Amino acid sequence: MKPRTYYAPTGGHPPQTQLLSDRAVFTEAYAVIPKGVFGDIVTSNLPFWEGTRLWVLARPLSGFAETFSQYIMEVAPGGGSERPEIDPEAEGVLFVVEGEMTLTLAGERHAMGPGGYAFIPPGSDWQVRNEAEAPVRFHWVRKAYERVEGIEVPEAFVTNENDLEPNPMPGTEGRWATTRFVDPNDVRHDMHVNIVTFQPGAVIPFDETHVMEHGLYVLEGKAVYHLNQDWVEVEAGDFMWLRAFCPQACYAGGPGPFRYLLYKDVNRHPRLRLGGR
C-alpha cells in the first residue's frame with residue numbers, strides 16, 4: 001500500500017507583500033477556512049498543556065458549529081498534558097497527521113504515529129506526551145456525549161488508518177470510499193469521525209441534504225465543492241464546516257486522491273428545544 005500523506009499546518013506569518021484576498025468564506029450554512037489562515041497569530045493555548053499550541057477549527061457557537069469542537073494540536077518535544085480534558089462529559093477522537101506521541105489511556109501506553117486514531121469515552125483517564133525529537137501534530141475532535149438510558153457508553157480504542165480497509169460506496173467501482181473506525185450500526189456512538197477518499201474524477205453526484213452536521217478537514221489533494229448554492233475550491237489543509245441540511249456535493253480534481261477527515265453527529269434524536277434537551 002502506498003504510504004498515506006496528511007497535511008499539517010506549521011504556522012508562521014505571511015510576507016507583507018502577500019495579497020489580502022483569499023478563499024475564506026463564512027455563511028449561515030457553511031464556512032471554508034483555508035490553510036493560509038493557520039498562521040501564528042490565530043493559535044491558542046489550553047489549561048494544563050505544556051509546550052503546546054493549537055488552531056481551533058470549530059467550536060459550538062450561535063450560527064456556527066452546534067455539536068462539536070475541533071482543534072489541530074501542535075505539541076513540542078517534551079510537551080503534552082497529564083490532564084488534557086477538563087470536561088467529564090466530553091468524548092474525543094485523536095488523529096495524528098505528523099510526528100509521534102505517546103497516549104496513555106487507562107494506564108496503558110500507546111505509541112501513535114501518522115494515521116494513528118484513538119477514541120476516548122467521557123470520563124476517561126488519559127494523558128498525552130511527545131517523547132520524540134520533533135513536534136507532533138494531531139486533530140482533536142470533542143463532543144458532549146449524549147447518554148441514553150439503557151445504552152452503555154462505548155469503550156476506548158486505539159488503531160491506525162493504515163490497518164483498516166476502506167469501504168467502497170456501492171456503484172462507484174471503489175472511486176469513492178470511506179475508512180470507518182466505528183461500526184455504523186453501533187448506536188452507543190453518537191458521533192463518527194471517518195476518512196473519506198475520492199480518486200481523481202470521482203464525484204458525489206447529487207446535493208446531499210441531511211440532518212448531520214459536518215466538519216471536513218482536507219488531508220490530501222484538491223476538489224471543487226458545491227455548498228448551498230456556491231462552488232468553492234478546496235485543497236489539502238483547508239477546513240469546511242457544514243450546517244445540518246446544507247446541500248453538499250463535490251468532484252475530485254486530481255491528479256492524486258482527494259481525502260478528508262469527516263466529523264458527523266449520529267444515532268440520536270434531534271433536540272426539540274433550542275439550547276437544551
# chains A, B, ... in the order shown; residues from 1 in each chain; ligands from 1
>>> residues_around(residues="region 64-69 of chain A", least_positions_apart="2", cutoff="7 Å", atoms="only C-alpha atoms", output="number ranges by chain")
A: 58-62, 71, 141-143
>>> write_last_selection(atoms="C-alpha atoms", output="compact mmCIF listing (two decimals), in the first residue's frame")
# COMPACT_ATOMS: atom_id res chain seq x y z
CA ALA A 58 -14.69 24.77 15.09
CA ARG A 59 -16.49 25.41 18.37
CA PRO A 60 -20.13 25.50 19.47
CA LEU A 61 -21.35 28.97 18.61
CA SER A 62 -24.56 30.64 17.52
CA TYR A 71 -8.58 21.52 17.10
CA VAL A 141 -12.44 16.33 17.95
CA ARG A 142 -14.57 16.82 21.07
CA LYS A 143 -18.29 16.33 21.65
>>> residues_around(residues="region 263-273 of chain A", least_positions_apart="5", cutoff="9 Å", atoms="only C-alpha atoms", output="JSON, numbers by chain")
{"A": [67, 68, 141, 143, 146, 148, 184, 185, 186, 187, 188, 189, 190, 191, 192, 193, 194, 195, 211, 212, 213, 214, 215, 216, 217]}
>>> residues_around(residues="Tyr117 (chain A)", least_positions_apart="3", cutoff="6 Å", atoms="only C-alpha atoms", output="PyMOL selection string")
chain A and resi 94-95+158-160
>>> write_last_selection(atoms="all heavy atoms", output="mmCIF file, in the first residue's frame")
data_model
loop_
_atom_site.group_PDB
_atom_site.id
_atom_site.type_symbol
_atom_site.label_atom_id
_atom_site.label_comp_id
_atom_site.auth_asym_id
_atom_site.auth_seq_id
_atom_site.Cartn_x
_atom_site.Cartn_y
_atom_site.Cartn_z
ATOM 1 N N LEU A 94 -8.726 11.466 18.671
ATOM 2 C CA LEU A 94 -7.417 11.992 18.305
ATOM 3 C C LEU A 94 -6.998 11.339 16.996
ATOM 4 O O LEU A 94 -7.139 10.121 16.825
ATOM 5 C CB LEU A 94 -6.378 11.686 19.387
ATOM 6 C CG LEU A 94 -6.727 12.026 20.834
ATOM 7 C CD1 LEU A 94 -5.563 11.660 21.755
ATOM 8 C CD2 LEU A 94 -7.099 13.484 20.984
ATOM 9 N N PHE A 95 -6.472 12.154 16.063
ATOM 10 C CA PHE A 95 -5.974 11.620 14.796
ATOM 11 C C PHE A 95 -4.658 12.296 14.458
ATOM 12 O O PHE A 95 -4.605 13.517 14.282
ATOM 13 C CB PHE A 95 -6.988 11.833 13.668
ATOM 14 C CG PHE A 95 -6.528 11.245 12.359
ATOM 15 C CD1 PHE A 95 -6.540 9.877 12.158
ATOM 16 C CD2 PHE A 95 -6.043 12.066 11.343
ATOM 17 C CE1 PHE A 95 -6.097 9.333 10.960
ATOM 18 C CE2 PHE A 95 -5.604 11.536 10.147
ATOM 19 C CZ PHE A 95 -5.630 10.156 9.947
ATOM 20 N N VAL A 158 -7.719 2.238 20.318
ATOM 21 C CA VAL A 158 -6.643 2.887 19.579
ATOM 22 C C VAL A 158 -6.332 2.031 18.364
ATOM 23 O O VAL A 158 -6.199 0.804 18.474
ATOM 24 C CB VAL A 158 -5.373 3.057 20.442
ATOM 25 C CG1 VAL A 158 -4.268 3.734 19.639
ATOM 26 C CG2 VAL A 158 -5.683 3.852 21.704
ATOM 27 N N THR A 159 -6.234 2.663 17.188
ATOM 28 C CA THR A 159 -5.936 1.936 15.964
ATOM 29 C C THR A 159 -5.161 2.855 15.025
ATOM 30 O O THR A 159 -4.691 3.916 15.425
ATOM 31 C CB THR A 159 -7.242 1.424 15.315
ATOM 32 O OG1 THR A 159 -6.926 0.606 14.189
ATOM 33 C CG2 THR A 159 -8.133 2.571 14.879
ATOM 34 N N ASN A 160 -5.011 2.432 13.764
ATOM 35 C CA ASN A 160 -4.337 3.253 12.756
ATOM 36 C C ASN A 160 -5.045 3.069 11.430
ATOM 37 O O ASN A 160 -5.446 1.949 11.085
ATOM 38 C CB ASN A 160 -2.864 2.857 12.629
ATOM 39 C CG ASN A 160 -2.058 3.850 11.800
ATOM 40 O OD1 ASN A 160 -2.254 3.979 10.595
ATOM 41 N ND2 ASN A 160 -1.167 4.572 12.458
#
>>> select_by_dssp(residues="region 59-240 of chain A", states="strand (DSSP E)", output="JSON, numbers by chain")
{"A": [69, 70, 71, 72, 73, 74, 75, 76, 77, 78, 79, 80, 81, 90, 91, 92, 93, 94, 95, 96, 97, 98, 101, 102, 103, 104, 105, 108, 109, 110, 111, 112, 116, 117, 118, 119, 120, 126, 127, 128, 129, 136, 137, 138, 139, 140, 141, 142, 143, 144, 157, 158, 159, 160, 167, 168, 176, 177, 178, 179, 191, 192, 193, 194, 195, 196, 197, 198, 203, 204, 205, 206, 207, 208, 214, 215, 216, 217, 218, 219, 220, 222, 223, 224, 225, 226, 227, 230, 231, 232, 233, 234, 235, 239, 240]}
>>> residues_around(residues="Pro247 (chain A)", least_positions_apart="3", cutoff="8 Å", atoms="only C-alpha atoms", output="ChimeraX atom specification")
/A:207-210,226-229
>>> residues_around(residues="Thr197 (chain A)", least_positions_apart="3", cutoff="6 Å", atoms="only C-alpha atoms", output="NGL selection string")
:A and (176-177 or 258-259)
>>> select_by_dssp(residues="region 8-109 of chain A", states="helix (DSSP H, G or I)", output="list in words")
Lys35, Gly36, Val37, Asp40, Ile41 and Val42 of chain A
>>> write_last_selection(atoms="N, CA and C atoms", output="mmCIF file, in the first residue's frame")
data_model
loop_
_atom_site.group_PDB
_atom_site.id
_atom_site.type_symbol
_atom_site.label_atom_id
_atom_site.label_comp_id
_atom_site.auth_asym_id
_atom_site.auth_seq_id
_atom_site.Cartn_x
_atom_site.Cartn_y
_atom_site.Cartn_z
ATOM 1 N N LYS A 35 -6.171 26.896 4.288
ATOM 2 C CA LYS A 35 -4.941 26.605 5.023
ATOM 3 C C LYS A 35 -4.096 27.845 5.277
ATOM 4 N N GLY A 36 -4.225 28.867 4.424
ATOM 5 C CA GLY A 36 -3.452 30.078 4.625
ATOM 6 C C GLY A 36 -3.811 30.851 5.870
ATOM 7 N N VAL A 37 -4.958 30.512 6.471
ATOM 8 C CA VAL A 37 -5.403 31.189 7.692
ATOM 9 C C VAL A 37 -4.601 30.729 8.910
ATOM 10 N N ASP A 40 0.677 31.912 12.902
ATOM 11 C CA ASP A 40 0.955 32.033 14.331
ATOM 12 C C ASP A 40 -0.066 32.912 15.049
ATOM 13 N N ILE A 41 -0.616 33.898 14.347
ATOM 14 C CA ILE A 41 -1.433 34.912 15.006
ATOM 15 C C ILE A 41 -2.778 34.360 15.472
ATOM 16 N N VAL A 42 -3.193 33.204 14.956
ATOM 17 C CA VAL A 42 -4.502 32.659 15.328
ATOM 18 C C VAL A 42 -4.386 31.395 16.191
#
>>> residues_around(residues="Pro77 (chain A)", least_positions_apart="5", cutoff="6 Å", atoms="only C-alpha atoms", output="NGL selection string")
:A and (130 or 132-135)
>>> atom_distance(atom1="CA of Asn162 (chain A)", atom2="CA of Trp49 (chain A)")
28.6 Å
>>> closest_residue(among="A:Pro166, A:Pro47, A:Pro200, A:Pro15", to="Ala223 (chain A)", atoms="only C-alpha atoms")
A:Pro200
>>> decode(residues="region 178-190 of chain A", atoms="all heavy atoms", output="mmCIF file, in the first residue's frame")
data_model
loop_
_atom_site.group_PDB
_atom_site.id
_atom_site.type_symbol
_atom_site.label_atom_id
_atom_site.label_comp_id
_atom_site.auth_asym_id
_atom_site.auth_seq_id
_atom_site.Cartn_x
_atom_site.Cartn_y
_atom_site.Cartn_z
ATOM 1 N N THR A 178 -14.954 5.029 2.122
ATOM 2 C CA THR A 178 -14.894 5.584 3.471
ATOM 3 C C THR A 178 -14.165 4.612 4.387
ATOM 4 O O THR A 178 -14.501 3.426 4.439
ATOM 5 C CB THR A 178 -16.298 5.841 4.030
ATOM 6 O OG1 THR A 178 -16.991 6.753 3.170
ATOM 7 C CG2 THR A 178 -16.227 6.448 5.421
ATOM 8 N N THR A 179 -13.162 5.123 5.096
ATOM 9 C CA THR A 179 -12.492 4.354 6.139
ATOM 10 C C THR A 179 -13.234 4.613 7.433
ATOM 11 O O THR A 179 -13.188 5.725 7.977
ATOM 12 C CB THR A 179 -11.022 4.753 6.271
ATOM 13 O OG1 THR A 179 -10.366 4.566 5.007
ATOM 14 C CG2 THR A 179 -10.320 3.906 7.326
ATOM 15 N N ARG A 180 -13.946 3.590 7.919
ATOM 16 C CA ARG A 180 -14.787 3.731 9.114
ATOM 17 C C ARG A 180 -14.066 3.133 10.312
ATOM 18 O O ARG A 180 -13.615 1.994 10.278
ATOM 19 C CB ARG A 180 -16.136 3.044 8.904
ATOM 20 C CG ARG A 180 -16.983 3.690 7.813
ATOM 21 C CD ARG A 180 -18.396 3.119 7.824
ATOM 22 N NE ARG A 180 -19.236 3.843 6.875
ATOM 23 C CZ ARG A 180 -19.469 3.460 5.628
ATOM 24 N NH1 ARG A 180 -18.916 2.346 5.181
ATOM 25 N NH2 ARG A 180 -20.241 4.168 4.838
ATOM 26 N N PHE A 181 -13.986 3.909 11.369
ATOM 27 C CA PHE A 181 -13.332 3.463 12.585
ATOM 28 C C PHE A 181 -14.319 2.868 13.586
ATOM 29 O O PHE A 181 -13.910 2.264 14.573
ATOM 30 C CB PHE A 181 -12.574 4.632 13.216
ATOM 31 C CG PHE A 181 -11.467 5.153 12.346
ATOM 32 C CD1 PHE A 181 -11.693 6.157 11.424
ATOM 33 C CD2 PHE A 181 -10.187 4.624 12.429
ATOM 34 C CE1 PHE A 181 -10.680 6.635 10.613
ATOM 35 C CE2 PHE A 181 -9.161 5.088 11.631
ATOM 36 C CZ PHE A 181 -9.409 6.094 10.715
ATOM 37 N N VAL A 182 -15.617 3.061 13.326
ATOM 38 C CA VAL A 182 -16.682 2.580 14.205
ATOM 39 C C VAL A 182 -17.765 1.963 13.336
ATOM 40 O O VAL A 182 -18.073 2.467 12.248
ATOM 41 C CB VAL A 182 -17.261 3.747 15.045
ATOM 42 C CG1 VAL A 182 -18.544 3.340 15.744
ATOM 43 C CG2 VAL A 182 -16.244 4.240 16.051
ATOM 44 N N ASP A 183 -18.358 0.876 13.798
ATOM 45 C CA ASP A 183 -19.465 0.243 13.102
ATOM 46 C C ASP A 183 -20.652 1.214 13.052
ATOM 47 O O ASP A 183 -21.139 1.661 14.098
ATOM 48 C CB ASP A 183 -19.865 -1.031 13.852
ATOM 49 C CG ASP A 183 -21.002 -1.797 13.186
ATOM 50 O OD1 ASP A 183 -21.612 -1.270 12.229
ATOM 51 O OD2 ASP A 183 -21.289 -2.915 13.644
ATOM 52 N N PRO A 184 -21.158 1.552 11.852
ATOM 53 C CA PRO A 184 -22.280 2.497 11.764
ATOM 54 C C PRO A 184 -23.522 2.040 12.509
ATOM 55 O O PRO A 184 -24.367 2.865 12.865
ATOM 56 C CB PRO A 184 -22.542 2.598 10.256
ATOM 57 C CG PRO A 184 -21.284 2.143 9.606
ATOM 58 C CD PRO A 184 -20.675 1.130 10.528
ATOM 59 N N ASN A 185 -23.652 0.729 12.743
ATOM 60 C CA ASN A 185 -24.837 0.205 13.427
ATOM 61 C C ASN A 185 -24.694 0.171 14.946
ATOM 62 O O ASN A 185 -25.627 -0.246 15.640
ATOM 63 C CB ASN A 185 -25.146 -1.204 12.917
ATOM 64 C CG ASN A 185 -25.522 -1.221 11.453
ATOM 65 O OD1 ASN A 185 -26.297 -0.376 11.003
ATOM 66 N ND2 ASN A 185 -24.960 -2.149 10.693
ATOM 67 N N ASP A 186 -23.555 0.607 15.454
ATOM 68 C CA ASP A 186 -23.321 0.626 16.896
ATOM 69 C C ASP A 186 -23.876 1.928 17.464
ATOM 70 O O ASP A 186 -23.223 2.968 17.425
ATOM 71 C CB ASP A 186 -21.826 0.500 17.174
ATOM 72 C CG ASP A 186 -21.499 0.359 18.657
ATOM 73 O OD1 ASP A 186 -22.405 0.588 19.488
ATOM 74 O OD2 ASP A 186 -20.343 0.048 18.987
ATOM 75 N N VAL A 187 -25.103 1.871 18.010
ATOM 76 C CA VAL A 187 -25.779 3.088 18.448
ATOM 77 C C VAL A 187 -25.226 3.615 19.768
ATOM 78 O O VAL A 187 -25.683 4.669 20.250
ATOM 79 C CB VAL A 187 -27.302 2.891 18.565
ATOM 80 C CG1 VAL A 187 -27.908 2.575 17.216
ATOM 81 C CG2 VAL A 187 -27.641 1.820 19.585
ATOM 82 N N ARG A 188 -24.246 2.929 20.354
ATOM 83 C CA ARG A 188 -23.586 3.515 21.517
ATOM 84 C C ARG A 188 -22.856 4.796 21.125
ATOM 85 O O ARG A 188 -22.715 5.715 21.945
ATOM 86 C CB ARG A 188 -22.596 2.525 22.132
ATOM 87 C CG ARG A 188 -23.209 1.246 22.677
ATOM 88 C CD ARG A 188 -22.120 0.329 23.196
ATOM 89 N NE ARG A 188 -21.146 0.017 22.154
ATOM 90 C CZ ARG A 188 -19.950 -0.534 22.383
ATOM 91 N NH1 ARG A 188 -19.572 -0.823 23.618
ATOM 92 N NH2 ARG A 188 -19.124 -0.788 21.376
ATOM 93 N N HIS A 189 -22.385 4.853 19.892
ATOM 94 C CA HIS A 189 -21.638 6.014 19.417
ATOM 95 C C HIS A 189 -22.589 7.085 18.906
ATOM 96 O O HIS A 189 -23.498 6.794 18.116
ATOM 97 C CB HIS A 189 -20.673 5.615 18.307
ATOM 98 C CG HIS A 189 -19.501 4.831 18.786
ATOM 99 N ND1 HIS A 189 -18.343 5.424 19.239
ATOM 100 C CD2 HIS A 189 -19.306 3.488 18.905
ATOM 101 C CE1 HIS A 189 -17.483 4.479 19.608
ATOM 102 N NE2 HIS A 189 -18.037 3.307 19.423
ATOM 103 N N ASP A 190 -22.387 8.324 19.347
ATOM 104 C CA ASP A 190 -23.217 9.437 18.879
ATOM 105 C C ASP A 190 -22.448 10.375 17.959
ATOM 106 O O ASP A 190 -22.942 11.452 17.615
ATOM 107 C CB ASP A 190 -23.816 10.199 20.059
ATOM 108 C CG ASP A 190 -22.777 10.924 20.899
ATOM 109 O OD1 ASP A 190 -21.564 10.725 20.672
ATOM 110 O OD2 ASP A 190 -23.175 11.694 21.795
#
